[in-house]
Amino acid sequence: EHTTTWKQLNDHLAEWVLASKAHTADGHVASYIPELANASADVLGICIMDMDGNTVAAGDTGYHFTLQSISKVFTLILALMDNGEEIVFSKVGMEPTGDDFNSMLKLELVEPGIPFNPLINAGAIAISSLIAGNTPAEQIERILAFFRNIADNPALDINKDVFKSESDTAHRNRSLAYFLKDNGVLDQEVDDVLRVYFSHCSIQVNCTDLARMALVLAHNGVDPIRNQRLIPRRFVQIAKTFMFTCGMYNASGEFAMNVGLPAKSGVSGSILTMVPRRYGIGLVSPALNRKGNSTAGVHLLGKLSQEFDWSLF
Ligand code: GLN
């Protein structure tokens, strides 16, 4: 089955990318972080990686972008590895919200004062504060080391311009963090935890990095290429469950219906997804729909899922 899928991908991916690329015209590049407004609206690139590290890629595959919300999946995993489930789930819940990623509305509903889940901004900020380290600089170094290891790319680094741009304009994230602080969810100071949070959102990657990171999740925490366990299986199961139920913001239900795979999107127009036990997939297309997901990206994944019957159901 892998051989036929791989041949089909090699034969058709470029043409499917071209067809989906037309949908970039229906979206808009995010601009609430000023630096993100410099992204190219008509870009679409995708990389699919198998367990031997072979790739099929098409479109603008050399394009660089920042992880943004995709980073939340991996900081969640690192926080679980640092603290265990019990502590992590005393700070964030397990329920989807159906709200925007930066929603302030439902912070208090799960249990008094804890964010609904670790993938909305409030939850991800709470998670950032759980990363081990004596200073924000140490926490950031540990996050970078972890991400570099998962991506098998020692060159991954923070895009300083995006970091600064987000830091300078993040009034809503700041207010979320103060609210969490007031509710006793954050032990750390607000400015320190936000530095950690903006830093991991600003880590720069390309589609191949994303596909490589996704591959480790697809294989339940084992890097099939280096044949090495990088993440305990249970923590990958937790991360993938959140991706499935909350990974595409308030379009997670629609994505589950049309694509049926665990996925996480970021406002850079990036999507990380996977075919469990088979492929890691990374894509970028900065033009976003009204729900904040890449228009062309969602279209392309719908096409691929249909073509290869990739839905989990
Ligand atoms: N860094 C972004 C923010 O906090 C991440 C949001 C996203 O990608 N959805 O606003």
# chains A, B, ... in the order shown; residues from 1 in each chain; ligands from 1
>>> residues_near_ligand(ligand="ligand 1", cutoff="7 Å", atoms="only C-alpha atoms and all ligand atoms", output="list in words")
Gln68, Ser69, Ile70, Phe101, Asn102, Asn121, Glu166, Asn173, Phe198, Cys201, Ser265, Gly266, Val267 and Ser268 of chain A
>>> residues_around(residues="Ile158 (chain A)", least_positions_apart="2", cutoff="8 Å", atoms="only C-alpha atoms", output="list in words")
Leu156, Lys160, Phe163, Ser199, His200, Ser202, Ile203 and Gln204 of chain A
>>> residues_around(residues="Ile150 (chain A)", least_positions_apart="2", cutoff="8 Å", atoms="only C-alpha atoms", output="ChimeraX atom specification")
/A:146-148,152-153,212-213,216,223,230
>>> write_last_selection(atoms="N, CA and C atoms", output="PDB file, in the first residue's frame")
ATOM      1  N   PHE A 146      15.150  20.743  22.750  1.00  0.00           N
ATOM      2  CA  PHE A 146      14.132  19.707  22.533  1.00  0.00           C
ATOM      3  C   PHE A 146      13.601  19.746  21.096  1.00  0.00           C
ATOM      4  N   PHE A 147      13.259  20.934  20.622  1.00  0.00           N
ATOM      5  CA  PHE A 147      12.727  21.071  19.259  1.00  0.00           C
ATOM      6  C   PHE A 147      13.783  20.657  18.218  1.00  0.00           C
ATOM      7  N   ARG A 148      15.034  21.053  18.464  1.00  0.00           N
ATOM      8  CA  ARG A 148      16.115  20.675  17.531  1.00  0.00           C
ATOM      9  C   ARG A 148      16.253  19.156  17.460  1.00  0.00           C
ATOM     10  N   ASP A 152      15.460  16.927  14.358  1.00  0.00           N
ATOM     11  CA  ASP A 152      16.768  16.434  13.918  1.00  0.00           C
ATOM     12  C   ASP A 152      17.506  17.513  13.122  1.00  0.00           C
ATOM     13  N   ASN A 153      17.399  18.743  13.630  1.00  0.00           N
ATOM     14  CA  ASN A 153      18.017  19.875  12.939  1.00  0.00           C
ATOM     15  C   ASN A 153      18.628  20.841  13.960  1.00  0.00           C
ATOM     16  N   ARG A 212       9.384  16.313   9.531  1.00  0.00           N
ATOM     17  CA  ARG A 212      10.278  15.509  10.374  1.00  0.00           C
ATOM     18  C   ARG A 212       9.746  15.442  11.800  1.00  0.00           C
ATOM     19  N   MET A 213       9.269  16.582  12.323  1.00  0.00           N
ATOM     20  CA  MET A 213       8.709  16.626  13.680  1.00  0.00           C
ATOM     21  C   MET A 213       7.428  15.788  13.746  1.00  0.00           C
ATOM     22  N   VAL A 216       7.825  11.904  14.068  1.00  0.00           N
ATOM     23  CA  VAL A 216       8.049  11.362  15.419  1.00  0.00           C
ATOM     24  C   VAL A 216       6.707  11.143  16.131  1.00  0.00           C
ATOM     25  N   ASP A 223      11.580   8.113  16.933  1.00  0.00           N
ATOM     26  CA  ASP A 223      12.073   8.598  15.657  1.00  0.00           C
ATOM     27  C   ASP A 223      12.451   7.372  14.828  1.00  0.00           C
ATOM     28  N   LEU A 230      12.115   9.305  21.538  1.00  0.00           N
ATOM     29  CA  LEU A 230      12.359  10.676  21.971  1.00  0.00           C
ATOM     30  C   LEU A 230      11.308  11.159  22.967  1.00  0.00           C
TER      31      LEU A 230
END
>>> closest_residue(among="A:Ile231, A:Cys207, A:Ala151, A:Val284", to="Ile48 (chain A)", atoms="only C-alpha atoms")
A:Cys207
>>> closest_residue(among="A:Val17, A:Leu300, A:Met49, A:Leu186", to="His2 (chain A)", atoms="only C-alpha atoms")
A:Met49
>>> residues_around(residues="Leu283 (chain A)", least_positions_apart="5", cutoff="8 Å", atoms="only C-alpha atoms", output="number ranges by chain")
A: 44-47, 207, 210-211, 270-272, 297
